[in-house]
$ cat work_20.txt   # compact mmCIF, C-alpha atoms and all ligand atoms
# COMPACT_ATOMS: atom_id res chain seq x y z
CA MET V 22 18.25 -22.01 -11.45
CA VAL V 23 16.18 -24.61 -9.73
CA SER V 24 14.26 -26.91 -11.98
CA ALA V 25 10.75 -26.05 -13.01
CA ALA V 26 9.58 -29.36 -11.59
CA ALA V 27 11.02 -28.51 -8.20
CA VAL V 28 9.36 -25.15 -8.25
CA PHE V 29 6.08 -26.71 -9.22
CA SER V 30 6.15 -29.23 -6.42
CA ALA V 31 7.05 -26.51 -3.97
CA ILE V 32 4.14 -24.35 -4.88
CA ALA V 33 1.54 -27.05 -5.44
CA VAL V 34 0.69 -26.71 -1.81
CA LEU V 35 -2.40 -27.49 0.05
CA VAL V 36 -3.15 -24.55 2.23
CA SER V 37 -4.91 -26.08 5.15
CA ALA V 38 -8.02 -24.70 6.65
CA ALA V 39 -7.02 -21.74 8.69
CA THR V 40 -8.77 -19.84 11.36
CA LEU V 41 -7.89 -16.24 11.77
CA VAL V 42 -9.60 -13.46 13.55
CA VAL V 43 -9.37 -10.20 11.70
CA ALA V 44 -10.27 -6.96 13.32
CA GLN V 45 -9.77 -3.40 12.29
CA GLU V 46 -10.93 -0.17 13.75
CA GLY V 47 -14.61 -0.18 14.43
CA ALA V 48 -14.94 -3.66 13.05
CA SER V 49 -16.62 -6.61 14.56
CA ALA V 50 -14.21 -9.50 14.44
CA GLY V 51 -15.10 -12.12 11.88
CA THR V 52 -13.94 -15.71 11.81
CA ILE V 53 -14.34 -17.52 8.52
CA THR V 54 -12.66 -20.76 7.66
CA VAL V 55 -12.15 -21.65 4.03
CA PRO V 56 -9.84 -24.39 2.78
CA VAL V 57 -8.04 -23.61 -0.44
CA THR V 58 -6.16 -25.84 -2.81
CA TYR V 59 -3.66 -23.98 -4.93
CA SER V 60 -1.62 -25.23 -7.80
CA CYS V 61 0.25 -23.34 -10.48
CA ASP V 62 2.36 -24.68 -13.34
CA PRO V 63 5.27 -22.30 -14.05
CA ASN V 64 5.52 -23.76 -17.54
CA VAL V 65 2.12 -22.25 -18.25
CA CYS V 66 2.09 -19.27 -15.91
CA LYS V 67 5.16 -17.28 -16.98
CA PRO V 68 6.42 -13.78 -16.22
CA PRO V 69 5.84 -11.03 -16.96
CA ALA V 70 2.14 -11.72 -17.48
CA CYS V 71 1.73 -14.42 -14.87
CA PHE V 72 3.48 -15.23 -11.61
CA CYS V 73 2.94 -18.39 -9.62
CA ALA V 74 2.89 -17.95 -5.87
CA SER V 75 6.26 -18.97 -4.52
CA THR V 76 8.31 -18.73 -1.38
CA LYS V 77 11.38 -18.30 -3.60
CA PRO V 78 12.49 -14.96 -5.07
CA PRO V 79 11.71 -14.33 -8.74
CA GLY V 80 14.25 -14.83 -11.50
CA GLY V 81 15.94 -17.76 -9.77
CA LEU V 82 17.96 -15.32 -7.66
CA ASP V 83 19.79 -16.45 -4.55
CA PRO V 84 17.89 -15.13 -1.51
CA LYS V 85 21.19 -14.34 0.19
CA ASN V 86 22.06 -11.84 -2.51
CA ILE V 87 18.85 -9.86 -2.99
CA PRO V 88 17.54 -6.80 -1.17
CA MET V 89 15.27 -7.34 1.81
CA PHE V 90 12.12 -5.32 1.27
CA ILE V 91 9.97 -3.86 4.01
CA THR V 92 6.61 -2.41 3.00
CA LEU V 93 5.02 -0.05 5.49
CA THR V 94 1.35 0.52 4.67
CA PHE V 95 -1.32 2.68 6.28
CA ASP V 96 -5.06 2.11 6.00
CA ASP V 97 -8.08 4.42 6.21
CA SER V 98 -8.71 8.14 6.17
CA ILE V 99 -5.87 10.65 6.32
CA ASN V 100 -6.52 13.83 8.27
CA SER V 101 -5.12 16.20 10.86
CA VAL V 102 -5.94 13.78 13.69
CA VAL V 103 -3.67 11.00 12.45
CA TRP V 104 -1.15 13.24 10.74
CA PRO V 105 1.35 13.42 13.67
CA ILE V 106 1.52 9.62 13.68
CA ILE V 107 2.09 9.47 9.92
CA GLN V 108 4.84 12.06 10.21
CA ASN V 109 6.54 10.03 12.95
CA PHE V 110 6.54 6.94 10.77
CA THR V 111 7.51 8.50 7.47
CA GLU V 112 9.81 11.45 8.05
CA GLY V 113 13.33 11.87 9.33
CA TRP V 114 14.75 8.49 8.40
CA ASN V 115 18.01 7.79 6.68
CA PRO V 116 17.45 7.01 3.02
CA ASN V 117 17.42 3.56 1.52
CA PRO V 118 20.79 2.18 0.31
CA ASN V 119 20.22 3.81 -3.09
CA GLY V 120 19.77 7.26 -1.53
CA CYS V 121 16.01 7.39 -1.99
CA PRO V 122 13.79 8.18 0.99
CA HIS V 123 11.49 5.55 2.44
CA SER V 124 8.24 5.29 0.53
CA SER V 125 5.01 3.95 2.02
CA THR V 126 1.65 2.93 0.60
CA PHE V 127 -1.51 4.62 1.88
CA PHE V 128 -4.81 2.82 1.32
CA VAL V 129 -7.10 5.81 1.62
CA SER V 130 -10.80 5.64 2.44
CA ASN V 131 -12.46 8.91 1.50
CA GLN V 132 -14.83 9.50 4.40
CA TYR V 133 -13.08 11.80 6.92
CA THR V 134 -10.09 12.29 4.60
CA GLU V 135 -8.63 15.78 4.25
CA TYR V 136 -7.33 15.77 0.71
CA ASN V 137 -4.50 18.26 1.06
CA TYR V 138 -2.67 15.64 3.13
CA VAL V 139 -3.14 13.15 0.28
CA SER V 140 -1.69 15.66 -2.18
CA TYR V 141 1.26 16.23 0.10
CA LEU V 142 2.02 12.52 0.56
CA TYR V 143 1.82 11.89 -3.17
CA SER V 144 4.06 14.86 -3.89
CA MET V 145 6.60 13.51 -1.41
CA GLY V 146 6.89 10.25 -3.31
CA HIS V 147 4.52 7.96 -1.44
CA GLU V 148 2.03 5.65 -3.13
CA ILE V 149 -1.65 6.45 -2.76
CA ALA V 150 -4.00 3.50 -3.11
CA VAL V 151 -7.73 2.84 -2.80
CA HIS V 152 -9.78 1.60 0.18
CA THR V 153 -13.44 2.50 -0.77
CA VAL V 154 -15.34 5.72 -0.06
CA ASN V 155 -17.19 4.60 3.07
CA HIS V 156 -15.00 1.75 4.36
CA ILE V 157 -17.37 -1.02 3.33
CA ALA V 158 -16.69 -4.76 3.70
CA ASN V 159 -16.99 -6.94 0.58
CA ALA V 160 -16.64 -3.72 -1.36
CA PRO V 161 -19.26 -3.12 -4.05
CA GLN V 162 -17.75 -2.01 -7.34
CA ALA V 163 -19.34 1.45 -7.00
CA GLU V 164 -17.40 2.00 -3.75
CA ILE V 165 -14.12 1.06 -5.42
CA ARG V 166 -14.67 3.09 -8.55
CA ALA V 167 -15.93 6.17 -6.69
CA SER V 168 -13.01 6.06 -4.26
CA GLN V 169 -10.51 5.95 -7.10
CA GLN V 170 -12.25 8.82 -8.92
CA ALA V 171 -12.64 11.04 -5.84
CA THR V 172 -9.04 10.54 -4.72
CA ASN V 173 -7.91 11.46 -8.21
CA ALA V 174 -10.13 14.52 -8.40
CA PHE V 175 -9.64 15.98 -4.92
CA GLY V 176 -6.29 14.49 -3.88
CA GLY V 177 -4.52 15.30 -7.11
CA VAL V 178 -3.26 11.78 -7.75
CA PRO V 179 -3.32 10.79 -11.44
CA MET V 180 -5.74 7.96 -12.17
CA ASN V 181 -2.95 5.92 -13.70
CA GLN V 182 -1.10 5.96 -10.37
CA LEU V 183 -4.05 4.78 -8.24
CA LEU V 184 -3.32 1.14 -8.90
CA GLY V 185 -3.70 -0.68 -5.59
CA PHE V 186 -6.70 -1.73 -3.53
CA ARG V 187 -7.16 -3.12 -0.05
CA HIS V 188 -10.53 -4.43 1.07
CA PRO V 189 -11.79 -2.73 4.25
CA PHE V 190 -11.69 -5.16 7.19
CA LEU V 191 -9.75 -7.42 4.77
CA ALA V 192 -13.22 -8.75 3.96
CA PHE V 193 -13.68 -9.88 0.37
CA ASP V 194 -15.63 -12.30 -1.76
CA GLY V 195 -15.91 -13.30 -5.39
CA ALA V 196 -18.25 -10.42 -6.12
CA SER V 197 -15.88 -7.81 -4.73
CA PHE V 198 -12.98 -9.25 -6.71
CA ASP V 199 -15.17 -9.41 -9.83
CA GLY V 200 -15.88 -5.73 -9.33
CA LEU V 201 -12.25 -4.83 -8.73
CA ALA V 202 -10.90 -6.76 -11.70
CA GLY V 203 -13.81 -5.70 -13.88
CA LEU V 204 -12.84 -2.04 -13.60
CA GLY V 205 -9.65 -2.87 -15.48
CA THR V 206 -7.75 -0.03 -13.81
CA PHE V 207 -6.12 -1.82 -10.90
CA LEU V 208 -2.75 -3.52 -10.82
CA TYR V 209 -3.03 -5.27 -7.49
CA ASP V 210 -5.03 -6.20 -4.43
CA SER V 211 -3.51 -6.58 -0.99
CA SER V 212 -6.13 -8.07 1.32
CA MET V 213 -5.26 -11.70 1.96
CA PRO V 214 -3.47 -12.56 5.21
CA GLU V 215 -1.10 -15.45 5.25
CA ASP V 216 -1.20 -17.85 8.15
CA SER V 217 1.35 -20.13 9.74
CA ASN V 218 0.62 -22.73 7.04
CA SER V 219 1.07 -20.37 4.11
CA SER V 220 3.84 -18.10 5.23
CA GLY V 221 6.52 -16.46 3.17
CA PHE V 222 4.92 -16.03 -0.25
CA TRP V 223 6.16 -13.37 -2.60
CA PRO V 224 3.50 -11.41 -4.52
CA TYR V 225 1.84 -13.39 -7.31
CA THR V 226 -0.90 -13.03 -9.87
CA LEU V 227 -4.33 -14.52 -9.31
CA ASP V 228 -4.41 -16.41 -12.60
CA ASN V 229 -4.66 -19.60 -10.54
CA GLY V 230 -6.59 -18.23 -7.63
CA PRO V 231 -5.38 -17.46 -4.12
CA ALA V 232 -2.46 -19.33 -2.58
CA VAL V 233 -3.22 -18.40 0.98
CA GLY V 234 -6.15 -19.45 3.09
CA CYS V 235 -9.09 -17.13 2.57
CA ALA V 236 -9.39 -16.69 6.28
CA SER V 237 -10.53 -13.09 6.20
CA GLY V 238 -12.80 -13.45 3.19
CA THR V 239 -14.68 -15.86 1.01
CA CYS V 240 -12.98 -17.32 -2.06
CA ASP V 241 -16.18 -18.39 -3.74
CA GLY V 242 -16.50 -19.21 -7.42
CA PRO V 243 -13.51 -19.93 -9.63
CA PHE V 244 -11.76 -16.93 -8.12
CA ARG V 245 -9.24 -16.51 -10.91
CA TYR V 246 -8.21 -13.04 -12.03
CA PRO V 247 -5.55 -13.17 -14.74
CA GLY V 248 -2.94 -10.48 -14.39
CA LEU V 249 -4.25 -9.07 -11.12
CA TRP V 250 -1.51 -9.20 -8.49
CA GLU V 251 -2.09 -10.22 -4.92
CA ILE V 252 0.37 -8.87 -2.36
CA PRO V 253 -0.36 -11.15 0.60
CA LEU V 254 -0.26 -9.80 4.12
CA ASN V 255 2.35 -11.66 6.08
CA THR V 256 1.00 -12.61 9.46
CA LEU V 257 3.59 -11.89 12.09
CA LEU V 258 4.49 -14.82 14.29
CA ASN V 259 5.19 -14.73 17.99
CA SER V 260 8.47 -16.18 19.24
CA ASP V 261 6.69 -19.48 19.95
CA LEU V 262 5.55 -19.49 16.28
CA THR V 263 1.93 -18.92 17.15
CA GLU V 264 0.20 -16.38 14.94
CA ASN V 265 0.24 -12.79 16.04
CA GLY V 266 -1.76 -11.11 13.33
CA PRO V 267 -1.51 -9.36 9.99
CA MET V 268 -2.29 -5.82 11.08
CA ASP V 269 -1.37 -3.47 13.91
CA PRO V 270 1.14 -5.78 15.59
CA ASN V 271 0.46 -6.28 19.25
CA PRO V 272 2.70 -8.76 21.06
CA VAL V 273 0.42 -9.22 24.02
CA PRO V 274 -1.77 -12.24 23.22
CA GLY V 275 -5.31 -11.03 23.21
CA GLY V 276 -3.95 -7.91 24.84
CA ALA V 277 -5.90 -4.74 25.20
CA VAL V 278 -4.70 -1.61 23.49
CA GLY V 279 -2.07 0.09 25.58
CA GLN V 280 -0.40 -2.95 27.09
CA PRO V 281 2.64 -3.65 24.92
CA THR V 282 5.88 -1.90 25.65
CA ALA V 283 8.17 -0.44 23.01
CA THR V 284 10.64 -3.27 23.64
CA GLU V 285 7.95 -5.90 23.08
CA ILE V 286 6.99 -4.32 19.76
CA PHE V 287 10.64 -4.06 18.73
CA GLU V 288 11.38 -7.69 19.61
CA LEU V 289 8.29 -8.91 17.72
CA LEU V 290 9.31 -7.07 14.57
CA LYS V 291 12.96 -8.07 14.90
CA PHE V 292 12.06 -11.74 15.33
CA ASN V 293 9.93 -11.72 12.18
CA PHE V 294 12.46 -9.71 10.21
CA LEU V 295 15.26 -12.15 10.98
CA ARG V 296 13.11 -15.14 10.01
CA ARG V 297 12.64 -13.58 6.60
CA TYR V 298 16.06 -12.02 6.17
CA ASN V 299 17.81 -15.30 7.00
CA GLY V 300 15.27 -17.28 4.99
CA ASP V 301 14.06 -16.66 1.45
CA ARG V 302 13.66 -12.93 2.01
CA ALA V 303 9.99 -12.69 1.09
CA PRO V 304 9.03 -9.06 1.69
CA MET V 305 8.04 -8.13 5.22
CA GLY V 306 4.96 -5.99 5.50
CA ILE V 307 4.18 -3.77 8.45
CA PHE V 308 0.48 -3.03 8.09
CA ILE V 309 -0.93 -0.42 10.41
CA HIS V 310 -3.74 2.00 11.02
CA ALA V 311 -2.37 5.35 12.11
CA ALA V 312 -5.47 5.81 14.26
CA THR V 313 -4.64 2.67 16.23
CA GLN V 314 -1.25 4.06 17.18
CA ILE V 315 -2.54 7.32 18.63
CA ALA V 316 -3.48 5.94 22.03
CA VAL V 317 -0.28 3.95 22.45
CA PRO V 318 2.88 6.06 22.23
CA ALA V 319 4.97 3.13 23.41
CA ARG V 320 3.81 1.16 20.42
CA THR V 321 5.03 3.82 18.02
CA ALA V 322 8.34 4.00 19.86
CA GLY V 323 8.83 0.28 19.29
CA PHE V 324 8.25 0.62 15.55
CA LEU V 325 10.68 3.50 15.32
CA GLN V 326 13.27 1.51 17.26
CA PHE V 327 12.90 -1.25 14.71
CA PHE V 328 13.35 1.10 11.73
CA GLN V 329 16.52 2.48 13.28
CA TRP V 330 17.86 -0.97 14.07
CA THR V 331 17.38 -2.24 10.50
CA GLN V 332 19.06 0.81 9.04
CA GLU V 333 22.05 0.62 11.34
CA THR V 334 22.45 -3.14 11.14
CA TYR V 335 21.73 -3.64 7.43
CA PRO V 336 22.70 -0.40 5.67
CA ASN V 337 23.31 -2.04 2.30
CA ASP V 338 20.40 -4.33 1.57
CA VAL V 339 17.25 -3.32 3.46
CA TYR V 340 14.82 -1.13 1.52
CA TYR V 341 11.60 0.48 2.72
CA ILE V 342 9.53 0.70 -0.45
CA ASN V 343 5.92 1.02 -1.57
CA ASN V 344 3.88 -1.72 -3.18
CA GLN V 345 4.27 -0.42 -6.73
CA GLN V 346 8.05 -0.45 -6.31
CA LEU V 347 7.85 -4.02 -5.01
CA LEU V 348 5.89 -5.20 -8.04
CA SER V 349 8.18 -3.30 -10.38
CA TRP V 350 11.15 -5.12 -8.84
CA MET V 351 9.29 -8.45 -9.23
CA LEU V 352 9.13 -7.74 -12.96
CA ASN V 353 12.82 -6.84 -13.08
CA PRO V 354 14.43 -8.73 -10.19
CA THR V 355 18.05 -7.88 -9.51
CA ASP V 356 20.69 -8.69 -6.94
CA VAL V 357 21.76 -6.30 -4.21
CA ALA V 358 24.49 -4.60 -6.23
CA THR V 359 22.37 -4.09 -9.34
CA SER V 360 19.29 -3.07 -7.37
CA LYS V 361 21.11 -0.06 -6.02
CA GLY V 362 21.04 1.58 -9.45
CA SER V 363 17.81 0.04 -10.68
CA PRO V 364 14.95 2.36 -11.70
CA THR V 365 12.54 -0.09 -10.08
CA LEU V 366 13.71 1.09 -6.65
CA GLY V 367 14.24 4.69 -7.66
CA CYS V 368 12.39 7.56 -6.16
CA ARG V 369 10.02 10.31 -7.10
CA LEU V 370 11.50 13.35 -5.44
CA PRO V 371 9.90 16.77 -5.45
CA ALA V 372 12.00 19.80 -6.22
CA ILE V 373 11.57 21.84 -3.06
CA ASP V 374 12.96 25.22 -4.05
CA PRO V 375 12.04 28.57 -2.50
CA SER V 376 12.26 30.16 -5.93
CA ASN V 377 9.55 27.90 -7.31
CA PRO V 378 6.11 29.45 -7.49
CA GLU V 379 3.42 27.95 -5.27
CA ILE V 380 0.99 26.19 -7.55
CA CYS V 381 -1.14 24.14 -5.15
CA ASP V 382 0.62 20.87 -5.70
CA GLY V 383 1.19 19.96 -2.05
CA ILE V 384 4.86 20.84 -2.28
CA ASN V 385 5.99 23.17 0.47
CA ASN V 386 8.53 25.22 -1.48
CA LYS V 387 9.09 27.89 1.14
CA ALA V 388 9.69 25.43 3.99
CA ARG V 389 7.16 27.18 6.21
CA GLY V 390 6.59 24.01 8.12
CA GLY V 391 3.52 21.83 8.07
CA VAL V 392 1.29 20.57 5.34
CA LEU V 393 -1.33 23.23 5.92
CA ALA V 394 1.25 25.93 5.33
CA ALA V 395 2.10 24.67 1.87
CA ASP V 396 0.62 26.50 -1.07
CA PRO V 397 -0.73 29.46 0.96
CA GLY V 398 -3.85 31.11 -0.34
CA LEU V 399 -4.45 28.37 -2.85
CA VAL V 400 -5.94 25.55 -0.79
CA MET V 401 -9.73 25.62 -0.59
CA SER V 402 -11.65 24.66 2.57
CA CYS V 403 -14.82 22.66 2.02
CA ALA V 404 -17.53 22.19 4.65
CA PHE V 405 -20.29 19.60 4.75
CA PRO V 406 -21.64 19.93 8.28
CA PRO V 407 -22.02 18.40 10.69
CA MET V 408 -19.36 15.74 10.11
CA SER V 409 -17.25 16.45 7.06
CA TYR V 410 -14.70 19.22 6.64
CA TRP V 411 -11.78 18.97 4.28
CA SER V 412 -9.52 20.97 2.04
CA THR V 413 -8.31 20.54 -1.50
CA CYS V 414 -6.54 22.27 -4.35
CA PHE V 415 -9.22 21.18 -6.77
CA GLY V 416 -12.40 23.04 -5.86
CA CYS V 417 -15.10 22.31 -3.28
CA PRO V 418 -17.98 20.17 -4.53
CA ASN V 419 -21.55 21.25 -3.87
CA ILE V 420 -22.16 18.03 -1.91
CA ASP V 421 -19.72 15.68 -0.22
CA VAL V 422 -18.06 12.86 -2.16
CA ASN V 423 -20.36 9.85 -2.45
CA THR V 424 -20.60 6.64 -4.43
CA THR V 425 -23.32 7.90 -6.76
CA GLU V 426 -21.49 11.11 -7.54
CA PRO V 427 -17.77 10.76 -6.69
CA VAL V 428 -16.93 14.12 -8.22
CA PRO V 429 -19.93 16.42 -7.76
CA PRO V 430 -20.01 19.83 -9.47
CA ARG V 431 -17.21 21.97 -8.02
CA SER V 432 -16.82 25.64 -7.27
CA GLY V 433 -13.87 27.72 -8.37
CA ASN V 434 -11.76 27.46 -11.44
CA ARG V 435 -9.58 24.45 -10.72
CA THR V 436 -8.69 21.75 -13.17
CA ILE V 437 -8.34 18.12 -12.11
CA VAL V 438 -5.05 16.32 -12.69
CA PRO V 439 -5.08 14.63 -16.10
CA ALA V 440 -5.84 10.93 -15.90
CA ALA V 441 -2.54 10.13 -17.56
CA GLY V 442 -0.54 12.24 -15.12
CA CYS V 443 1.94 14.99 -15.86
CA GLY V 444 5.10 13.25 -16.94
CA ALA V 445 8.07 14.82 -15.19
CA GLY V 446 6.18 17.82 -13.87
CA ALA V 447 3.73 18.87 -11.19
CA TRP V 448 0.15 19.80 -12.01
CA ASP V 449 -0.97 23.39 -11.61
CA PRO V 450 -4.75 23.21 -11.00
CA VAL V 451 -5.19 26.98 -11.34
CA GLY V 452 -3.24 27.40 -14.55
CA ALA V 453 -4.48 24.04 -15.83
CA LYS V 454 -1.01 23.12 -17.01
CA VAL V 455 2.02 21.10 -16.14
CA SER V 456 4.61 23.07 -14.23
CA PHE V 457 7.98 21.61 -15.03
CA ARG V 458 10.44 21.47 -12.21
CA LEU V 459 13.81 19.94 -11.66
CA SER V 460 12.17 16.92 -10.12
CA CYS V 461 12.83 13.29 -10.73
CA LEU V 462 9.40 11.86 -11.39
CA LEU V 463 9.47 8.14 -11.71
CA LEU V 464 6.36 6.40 -12.96
CA LEU V 465 6.76 2.67 -12.69
CA PHE V 466 3.42 1.75 -14.19
CA THR V 467 1.60 4.04 -16.59
CA SER V 468 -1.14 1.87 -17.95
CA VAL V 469 -2.93 -1.12 -16.60
CA VAL V 470 -5.31 -3.47 -18.27
CA VAL V 471 -6.34 -6.33 -16.08
CA GLY V 472 -8.37 -9.18 -17.43
CA ALA V 473 -11.85 -9.69 -16.12
CA ALA V 474 -12.72 -12.65 -13.99
CA ASN V 475 -13.05 -15.96 -15.71
ZN ZN V 501 -9.58 0.03 6.74

$ encode --input "work_20.txt" --output "structure tokens"
Amino acid sequence: MVSAAAVFSAIAVLVSAATLVVAQEGASAGTITVPVTYSCDPNVCKPPACFCASTKPPGGLDPKNIPMFITLTFDDSINSVVWPIIQNFTEGWNPNPNGCPHSSTFFVSNQYTEYNYVSYLYSMGHEIAVHTVNHIANAPQAEIRASQQATNAFGGVPMNQLLGFRHPFLAFDGASFDGLAGLGTFLYDSSMPEDSNSSGFWPYTLDNGPAVGCASGTCDGPFRYPGLWEIPLNTLLNSDLTENGPMDPNPVPGGAVGQPTATEIFELLKFNFLRRYNGDRAPMGIFIHAATQIAVPARTAGFLQFFQWTQETYPNDVYYINNQQLLSWMLNPTDVATSKGSPTLGCRLPAIDPSNPEICDGINNKARGGVLAADPGLVMSCAFPPMSYWSTCFGCPNIDVNTTEPVPPRSGNRTIVPAAGCGAGAWDPVGAKVSFRLSCLLLLFTSVVVGAAN
């Protein structure tokens, strides 16, 4: 163990003023510069309730003997347009060293989302998280709450599993964090990009405010949210150590969409992976918008080349996990050997069995191929012309999802997934009961109470 004093001096950093341009789909780029002073005393802020930001792994573990985590996250609506990209990124890969498939985190905005895809992703063991209903910057609390409720109701994800939030455009302020923390139902936020001066932090709680420059948002007020985790977005660095960006890696400086080759993408990811793997092994995030990848097949090819390279080169200690798994491991950090059997990195696997009845749970028991073929005759198609068409197992509402009425009155006789989930079963919305299967359902977090802002 390193001494507490050494840890304290290491994390009592002054994060210098940083300038970062953040752009997402349809966004106007914003440049905001906010200096932040962060300090955290590990003698006061102690696990499991409180984590100081640190570049060192938790539990005093030797970085050379812990798993290297890669978190692949997707932002925005999920629908048939982006589905081929999501399939490319999430299916067909060798499992993690513990035999579990890769798991990703999807920050879902509700507008333009087709909910049967959400049900399918959740059933296949991915994490579903919240990204507002209408993709609004500096998210008002009503947008956050309504998004969580609508995704629960129409996507079939238990409320107690919708624990993460990412601010659209990575744009936040004290009011949006007050709203998020005030709901008391979220475990973490993941909206704050690191920069070259604050690189390599593990996730931490916001008891002492943000440890990275608030370049994409405004850290006004005291900005302290006890117990609320922040999973910072590592900003990828170019080979000359200039900043590349936190989202949708593009190795061509200022390059237009379509320019980078697969090799350039691969080399960018490999360079950043090796910096972390050979350093203190802070998790490496790959943060993308599926929609951004559609126009650039070469870009996707570069990502896939990287996944294959990590699996072939590091078959024993590289794990592709979701954000909830990462935080669960933070609470129970273990070395490589112990991690292999640790529940924190375990998986939630559906029992795909042709003899199982179809119950509209997103699980494709008969292997017909394709999400839309799962649960035949049970999925309901909802139409809100001229722009919104989606399907769900949980009944069409009489108006589209909105912030005033996230779950409008619904047609049909479907019952929403219980807020507390279904234990080791899958929810049957027609029979309004838990259908027990031979599945391994792993719930890492089942209740969350996050303190309000102070
Ligand atoms: Zn977004």

$ residues_around --input "work_20.txt" --residues "V:Cys66" --least-positions-apart "2" --cutoff "12 Å" --atoms "all atoms listed in the file" --output "JSON, numbers by chain"
{"V": [25, 29, 60, 61, 62, 63, 64, 68, 69, 70, 71, 72, 73, 74, 225, 226, 227, 228, 229, 247, 248]}

$ residues_near_point --input "work_20.txt" --point "(-5.9, 11.5, 4.6)" --cutoff "7 Å" --atoms "all atoms listed in the file" --output "list in words"
Ser98, Ile99, Asn100, Val129, Thr134, Glu135, Tyr136, Tyr138 and Val139 of chain V

$ closest_atom_pairs --input "work_20.txt" --of "chain V" --to "ligand ZN 501 (chain V)" --cutoff "6 Å" --atoms "all atoms listed in the file" --output "CSV"
residue,atom,partner,partner_atom,distance
V:Asp96,CA,V:ZN501,ZN,5.0
V:Asp97,CA,V:ZN501,ZN,4.7
V:Pro189,CA,V:ZN501,ZN,4.3
V:Phe190,CA,V:ZN501,ZN,5.6

$ write_last_selection --input "work_20.txt" --atoms "C-alpha atoms" --output "mmCIF file, in the coordinates of the input"
data_model
loop_
_atom_site.group_PDB
_atom_site.id
_atom_site.type_symbol
_atom_site.label_atom_id
_atom_site.label_comp_id
_atom_site.auth_asym_id
_atom_site.auth_seq_id
_atom_site.Cartn_x
_atom_site.Cartn_y
_atom_site.Cartn_z
ATOM 1 C CA ASP V 96 -5.060 2.110 6.000
ATOM 2 C CA ASP V 97 -8.080 4.420 6.210
ATOM 3 C CA PRO V 189 -11.790 -2.730 4.250
ATOM 4 C CA PHE V 190 -11.690 -5.160 7.190
#

$ closest_atom_pairs --input "work_20.txt" --of "stretch 335-397 of chain V" --to "stretch 140-162 of chain V" --cutoff "8 Å" --atoms "all atoms listed in the file" --output "Markdown table"
| residue | atom | partner | partner_atom | distance |
| --- | --- | --- | --- | --- |
| V:Asn343 | CA | V:Glu148 | CA | 6.2 |
| V:Asn344 | CA | V:Glu148 | CA | 7.6 |
| V:Gln345 | CA | V:Glu148 | CA | 7.4 |
| V:Cys368 | CA | V:Gly146 | CA | 6.8 |
| V:Arg369 | CA | V:Gly146 | CA | 4.9 |
| V:Leu370 | CA | V:Gly146 | CA | 5.9 |
| V:Pro371 | CA | V:Met145 | CA | 6.2 |
| V:Asp382 | CA | V:Ser140 | CA | 6.7 |
| V:Gly383 | CA | V:Tyr141 | CA | 4.3 |
| V:Ile384 | CA | V:Ser144 | CA | 6.2 |
| V:Val392 | CA | V:Tyr141 | CA | 6.8 |

$ closest_residue --input "work_20.txt" --among "V:Pro304, V:Gly80, V:Gly120, V:Pro179" --to "V:Leu93" --atoms "all atoms listed in the file"
V:Pro304

$ closest_residue --input "work_20.txt" --among "V:Ser197, V:Gln170, V:Asn255, V:Thr425" --to "V:Ala303" --atoms "all atoms listed in the file"
V:Asn255

$ closest_residue --input "work_20.txt" --among "V:Asn271, V:Ser349, V:Thr413, V:Thr92" --to "V:Gly398" --atoms "only C-alpha atoms"
V:Thr413

$ build_atoms --input "work_20.txt" --residues "stretch 82-90 of chain V" --atoms "N, CA and C atoms" --output "PDB file, in the frame of the given file"
ATOM      1  N   LEU V  82      16.890 -15.979  -8.409  1.00  0.00           N
ATOM      2  CA  LEU V  82      17.960 -15.320  -7.660  1.00  0.00           C
ATOM      3  C   LEU V  82      18.183 -15.990  -6.309  1.00  0.00           C
ATOM      4  N   ASP V  83      19.427 -15.909  -5.850  1.00  0.00           N
ATOM      5  CA  ASP V  83      19.790 -16.450  -4.550  1.00  0.00           C
ATOM      6  C   ASP V  83      19.269 -15.502  -3.456  1.00  0.00           C
ATOM      7  N   PRO V  84      18.448 -16.012  -2.554  1.00  0.00           N
ATOM      8  CA  PRO V  84      17.890 -15.130  -1.510  1.00  0.00           C
ATOM      9  C   PRO V  84      18.964 -14.394  -0.717  1.00  0.00           C
ATOM     10  N   LYS V  85      20.141 -14.977  -0.620  1.00  0.00           N
ATOM     11  CA  LYS V  85      21.190 -14.340   0.190  1.00  0.00           C
ATOM     12  C   LYS V  85      21.780 -13.114  -0.503  1.00  0.00           C
ATOM     13  N   ASN V  86      21.431 -12.935  -1.764  1.00  0.00           N
ATOM     14  CA  ASN V  86      22.060 -11.840  -2.510  1.00  0.00           C
ATOM     15  C   ASN V  86      21.025 -10.910  -3.143  1.00  0.00           C
ATOM     16  N   ILE V  87      19.860 -10.807  -2.508  1.00  0.00           N
ATOM     17  CA  ILE V  87      18.850  -9.860  -2.990  1.00  0.00           C
ATOM     18  C   ILE V  87      18.514  -8.885  -1.870  1.00  0.00           C
ATOM     19  N   PRO V  88      17.942  -7.738  -2.223  1.00  0.00           N
ATOM     20  CA  PRO V  88      17.540  -6.800  -1.170  1.00  0.00           C
ATOM     21  C   PRO V  88      16.434  -7.417  -0.310  1.00  0.00           C
ATOM     22  N   MET V  89      16.384  -7.003   0.928  1.00  0.00           N
ATOM     23  CA  MET V  89      15.270  -7.340   1.810  1.00  0.00           C
ATOM     24  C   MET V  89      14.322  -6.147   1.807  1.00  0.00           C
ATOM     25  N   PHE V  90      13.090  -6.399   1.391  1.00  0.00           N
ATOM     26  CA  PHE V  90      12.120  -5.320   1.270  1.00  0.00           C
ATOM     27  C   PHE V  90      11.195  -5.272   2.479  1.00  0.00           C
TER      28      PHE V  90
END
